[in-house]
Amino acid sequence: MDSARPHERPTALDRMLAPLHRWIWSDTDRRVQKLLRFGETETDGGRDILRAAEVTPDPLLRRLYLEHAIDEFRHGVLFRHRAAELLKIRRSHTNNGFQGDWLAPGGHGLDDLQVDGESDIDMLAFLHLSEKAAASRFTVYRDVMQHDPPTRAVFEEILHDETFHMNYTLTQLARVEPERHRRHLWRARLSRLWKTYLRLAAALAGILGSLLLTIPYFVVLAPFAWLAKRAARREHLGWAMLSPGRTDSLDRQY
Ligand SMILES: [Fe+2]
Ligand SMILES: [Fe+2]
């Protein structure tokens, strides 16, 4: 699809996080993991949009959703192919370290999409904001990818489509709900904000949980180990004679 307007500028937050994104993407193993995950998100998003094309009563939206779904499936393939190429270049262990997913959840946000029961208005508002977020992040990813021109080209190509998706969803939202489309956008924005909060809270809870489990490990286990070692040092080696008063135990099992 061709973009109707110039590319979206990245948000202030995405621009601020550019050094962190540069660091995340600098590692080849991490890049492969992220590309594979992005591929999955794009394909899942495409499947949901395909479902939206099936259920919408609006013929124009059906055609646009269908083209949109095809684009997202293609993005999934592009990400997976690039990940496979990188894997061929560098066959190494999977890096299970920091991926920064809570900072860039699949790059897209389409993973939160629920089609059944959604009206076209809510669907378009949600899609517009997701595509806008994707366009913003993919602009930053493309810009921090100077060290890897083929991956940069993948982002450049996908960014072109995401910008179109961002624009057509807004145009269609204004068409189907000319009076109150801004109100729907704000509602969708608040919903995304709430989901972002939940995602950050879950990440923070994970970090705090690990800390709270690690602290007792050192606070309780270390003194206990020290006391056990001290007691062991006081023990005599080999057989020890029992004092006369302690021979009772021979009369019974315990
Ligand atoms: Fe996409
Ligand atoms: Fe998209």
# chains A, B, ... in the order shown; residues from 1 in each chain; ligands from 1
call {"tool": "residues_near_ligand", "arguments": {"ligand": "ligand 2", "cutoff": "7 Å", "atoms": "only C-alpha atoms and all ligand atoms", "output": "VMD selection string"}}
result
chain A and resid 68 72 131 161 to 162 165
call {"tool": "write_last_selection", "arguments": {"atoms": "all heavy atoms", "output": "PDB file, in the first residue's frame"}}
result
ATOM      1  N   HIS A  68      -5.282  -4.442   4.709  1.00  0.00           N
ATOM      2  CA  HIS A  68      -4.486  -4.223   5.929  1.00  0.00           C
ATOM      3  C   HIS A  68      -3.973  -5.560   6.467  1.00  0.00           C
ATOM      4  O   HIS A  68      -2.796  -5.702   6.806  1.00  0.00           O
ATOM      5  CB  HIS A  68      -5.395  -3.529   6.965  1.00  0.00           C
ATOM      6  CG  HIS A  68      -4.680  -3.062   8.192  1.00  0.00           C
ATOM      7  ND1 HIS A  68      -5.211  -2.121   9.048  1.00  0.00           N
ATOM      8  CD2 HIS A  68      -3.491  -3.419   8.723  1.00  0.00           C
ATOM      9  CE1 HIS A  68      -4.357  -1.914  10.047  1.00  0.00           C
ATOM     10  NE2 HIS A  68      -3.322  -2.690   9.872  1.00  0.00           N
ATOM     11  N   GLU A  72      -0.147  -6.921   7.121  1.00  0.00           N
ATOM     12  CA  GLU A  72       0.406  -7.389   8.409  1.00  0.00           C
ATOM     13  C   GLU A  72       1.006  -8.791   8.266  1.00  0.00           C
ATOM     14  O   GLU A  72       2.041  -9.083   8.853  1.00  0.00           O
ATOM     15  CB  GLU A  72      -0.668  -7.379   9.511  1.00  0.00           C
ATOM     16  CG  GLU A  72      -1.285  -6.009   9.805  1.00  0.00           C
ATOM     17  CD  GLU A  72      -0.289  -4.945  10.243  1.00  0.00           C
ATOM     18  OE1 GLU A  72       0.894  -5.252  10.470  1.00  0.00           O
ATOM     19  OE2 GLU A  72      -0.713  -3.761  10.328  1.00  0.00           O
ATOM     20  N   GLU A 131      -1.384   1.714  15.186  1.00  0.00           N
ATOM     21  CA  GLU A 131      -0.552   1.964  14.002  1.00  0.00           C
ATOM     22  C   GLU A 131       0.319   3.199  14.203  1.00  0.00           C
ATOM     23  O   GLU A 131       1.467   3.243  13.761  1.00  0.00           O
ATOM     24  CB  GLU A 131      -1.433   2.139  12.758  1.00  0.00           C
ATOM     25  CG  GLU A 131      -2.281   0.927  12.420  1.00  0.00           C
ATOM     26  CD  GLU A 131      -1.461  -0.298  12.036  1.00  0.00           C
ATOM     27  OE1 GLU A 131      -0.311  -0.127  11.618  1.00  0.00           O
ATOM     28  OE2 GLU A 131      -1.975  -1.415  12.167  1.00  0.00           O
ATOM     29  N   ASP A 161       4.062   1.064   5.266  1.00  0.00           N
ATOM     30  CA  ASP A 161       2.702   0.524   5.391  1.00  0.00           C
ATOM     31  C   ASP A 161       2.030   1.003   6.673  1.00  0.00           C
ATOM     32  O   ASP A 161       0.842   1.336   6.674  1.00  0.00           O
ATOM     33  CB  ASP A 161       2.739  -1.012   5.415  1.00  0.00           C
ATOM     34  CG  ASP A 161       3.104  -1.595   4.066  1.00  0.00           C
ATOM     35  OD1 ASP A 161       3.020  -0.864   3.063  1.00  0.00           O
ATOM     36  OD2 ASP A 161       3.486  -2.784   4.029  1.00  0.00           O
ATOM     37  N   GLU A 162       2.790   0.998   7.775  1.00  0.00           N
ATOM     38  CA  GLU A 162       2.191   1.377   9.066  1.00  0.00           C
ATOM     39  C   GLU A 162       1.676   2.819   9.003  1.00  0.00           C
ATOM     40  O   GLU A 162       0.651   3.147   9.590  1.00  0.00           O
ATOM     41  CB  GLU A 162       3.202   1.237  10.218  1.00  0.00           C
ATOM     42  CG  GLU A 162       3.870  -0.112  10.374  1.00  0.00           C
ATOM     43  CD  GLU A 162       2.926  -1.282  10.602  1.00  0.00           C
ATOM     44  OE1 GLU A 162       1.711  -1.160  10.370  1.00  0.00           O
ATOM     45  OE2 GLU A 162       3.424  -2.355  10.998  1.00  0.00           O
ATOM     46  N   HIS A 165      -1.573   2.680   7.272  1.00  0.00           N
ATOM     47  CA  HIS A 165      -2.599   2.126   8.173  1.00  0.00           C
ATOM     48  C   HIS A 165      -3.062   3.189   9.170  1.00  0.00           C
ATOM     49  O   HIS A 165      -4.241   3.326   9.464  1.00  0.00           O
ATOM     50  CB  HIS A 165      -2.043   0.928   8.953  1.00  0.00           C
ATOM     51  CG  HIS A 165      -1.602  -0.206   8.075  1.00  0.00           C
ATOM     52  ND1 HIS A 165      -0.714  -1.165   8.485  1.00  0.00           N
ATOM     53  CD2 HIS A 165      -1.936  -0.522   6.795  1.00  0.00           C
ATOM     54  CE1 HIS A 165      -0.517  -2.038   7.515  1.00  0.00           C
ATOM     55  NE2 HIS A 165      -1.233  -1.649   6.465  1.00  0.00           N
TER      56      HIS A 165
END
call {"tool": "closest_atom_pairs", "arguments": {"of": "chain A", "to": "ligand 1", "cutoff": "9 Å", "atoms": "only C-alpha atoms and all ligand atoms", "output": "JSON lines"}}
result
{"residue": "A:Phe38", "atom": "CA", "partner": "ligand 1", "partner_atom_place_in_ligand_line": "1 (Fe)", "distance": 8.9}
{"residue": "A:Gly39", "atom": "CA", "partner": "ligand 1", "partner_atom_place_in_ligand_line": "1 (Fe)", "distance": 8.9}
{"residue": "A:Thr41", "atom": "CA", "partner": "ligand 1", "partner_atom_place_in_ligand_line": "1 (Fe)", "distance": 8.4}
{"residue": "A:Glu42", "atom": "CA", "partner": "ligand 1", "partner_atom_place_in_ligand_line": "1 (Fe)", "distance": 5.3}
{"residue": "A:Thr43", "atom": "CA", "partner": "ligand 1", "partner_atom_place_in_ligand_line": "1 (Fe)", "distance": 8.3}
{"residue": "A:Gly45", "atom": "CA", "partner": "ligand 1", "partner_atom_place_in_ligand_line": "1 (Fe)", "distance": 7.8}
{"residue": "A:Gly46", "atom": "CA", "partner": "ligand 1", "partner_atom_place_in_ligand_line": "1 (Fe)", "distance": 8.0}
{"residue": "A:His68", "atom": "CA", "partner": "ligand 1", "partner_atom_place_in_ligand_line": "1 (Fe)", "distance": 8.4}
{"residue": "A:Ala69", "atom": "CA", "partner": "ligand 1", "partner_atom_place_in_ligand_line": "1 (Fe)", "distance": 8.7}
{"residue": "A:Asp71", "atom": "CA", "partner": "ligand 1", "partner_atom_place_in_ligand_line": "1 (Fe)", "distance": 6.6}
{"residue": "A:Glu72", "atom": "CA", "partner": "ligand 1", "partner_atom_place_in_ligand_line": "1 (Fe)", "distance": 4.5}
{"residue": "A:Phe73", "atom": "CA", "partner": "ligand 1", "partner_atom_place_in_ligand_line": "1 (Fe)", "distance": 7.8}
{"residue": "A:Arg74", "atom": "CA", "partner": "ligand 1", "partner_atom_place_in_ligand_line": "1 (Fe)", "distance": 8.1}
{"residue": "A:His75", "atom": "CA", "partner": "ligand 1", "partner_atom_place_in_ligand_line": "1 (Fe)", "distance": 5.4}
{"residue": "A:Gly76", "atom": "CA", "partner": "ligand 1", "partner_atom_place_in_ligand_line": "1 (Fe)", "distance": 7.5}
{"residue": "A:Gly107", "atom": "CA", "partner": "ligand 1", "partner_atom_place_in_ligand_line": "1 (Fe)", "distance": 9.0}
{"residue": "A:His108", "atom": "CA", "partner": "ligand 1", "partner_atom_place_in_ligand_line": "1 (Fe)", "distance": 7.1}
{"residue": "A:Leu110", "atom": "CA", "partner": "ligand 1", "partner_atom_place_in_ligand_line": "1 (Fe)", "distance": 8.7}
{"residue": "A:Glu131", "atom": "CA", "partner": "ligand 1", "partner_atom_place_in_ligand_line": "1 (Fe)", "distance": 7.6}
{"residue": "A:Ala134", "atom": "CA", "partner": "ligand 1", "partner_atom_place_in_ligand_line": "1 (Fe)", "distance": 7.5}
{"residue": "A:Ala135", "atom": "CA", "partner": "ligand 1", "partner_atom_place_in_ligand_line": "1 (Fe)", "distance": 8.9}
{"residue": "A:Ile158", "atom": "CA", "partner": "ligand 1", "partner_atom_place_in_ligand_line": "1 (Fe)", "distance": 6.3}
{"residue": "A:Leu159", "atom": "CA", "partner": "ligand 1", "partner_atom_place_in_ligand_line": "1 (Fe)", "distance": 7.8}
{"residue": "A:Asp161", "atom": "CA", "partner": "ligand 1", "partner_atom_place_in_ligand_line": "1 (Fe)", "distance": 7.0}
{"residue": "A:Glu162", "atom": "CA", "partner": "ligand 1", "partner_atom_place_in_ligand_line": "1 (Fe)", "distance": 5.7}
{"residue": "A:His165", "atom": "CA", "partner": "ligand 1", "partner_atom_place_in_ligand_line": "1 (Fe)", "distance": 8.5}
call {"tool": "closest_residue", "arguments": {"among": "A:Phe224, A:Tyr141, A:Phe164, A:Trp23", "to": "Leu35 of chain A", "atoms": "only C-alpha atoms"}}
result
A:Tyr141
call {"tool": "closest_residue", "arguments": {"among": "A:Glu156, A:Asp148, A:Glu177, A:Asp44", "to": "Asp27 of chain A", "atoms": "only C-alpha atoms"}}
result
A:Asp148
call {"tool": "closest_residue", "arguments": {"among": "A:Leu20, A:Ala202, A:Val55, A:His184", "to": "Gly117 of chain A", "atoms": "only C-alpha atoms"}}
result
A:Val55
call {"tool": "closest_residue", "arguments": {"among": "A:Arg192, A:Arg152, A:Lys34, A:Arg51", "to": "Val140 of chain A", "atoms": "only C-alpha atoms"}}
result
A:Arg152
call {"tool": "residues_around", "arguments": {"residues": "Pro150 of chain A", "least_positions_apart": "5", "cutoff": "10 Å", "atoms": "only C-alpha atoms", "output": "PyMOL selection string"}}
result
chain A and resi 82+85-86+145+155-156
call {"tool": "select_by_dssp", "arguments": {"residues": "segment 5-71 of chain A", "states": "alpha helix (DSSP H)", "output": "PyMOL selection string"}}
result
chain A and resi 12-16+18-26+28-55+59-71
call {"tool": "residues_around", "arguments": {"residues": "Trp186 of chain A", "least_positions_apart": "5", "cutoff": "12 Å", "atoms": "only C-alpha atoms", "output": "PyMOL selection string"}}
result
chain A and resi 122+125-126+128-129+180-181+191-193
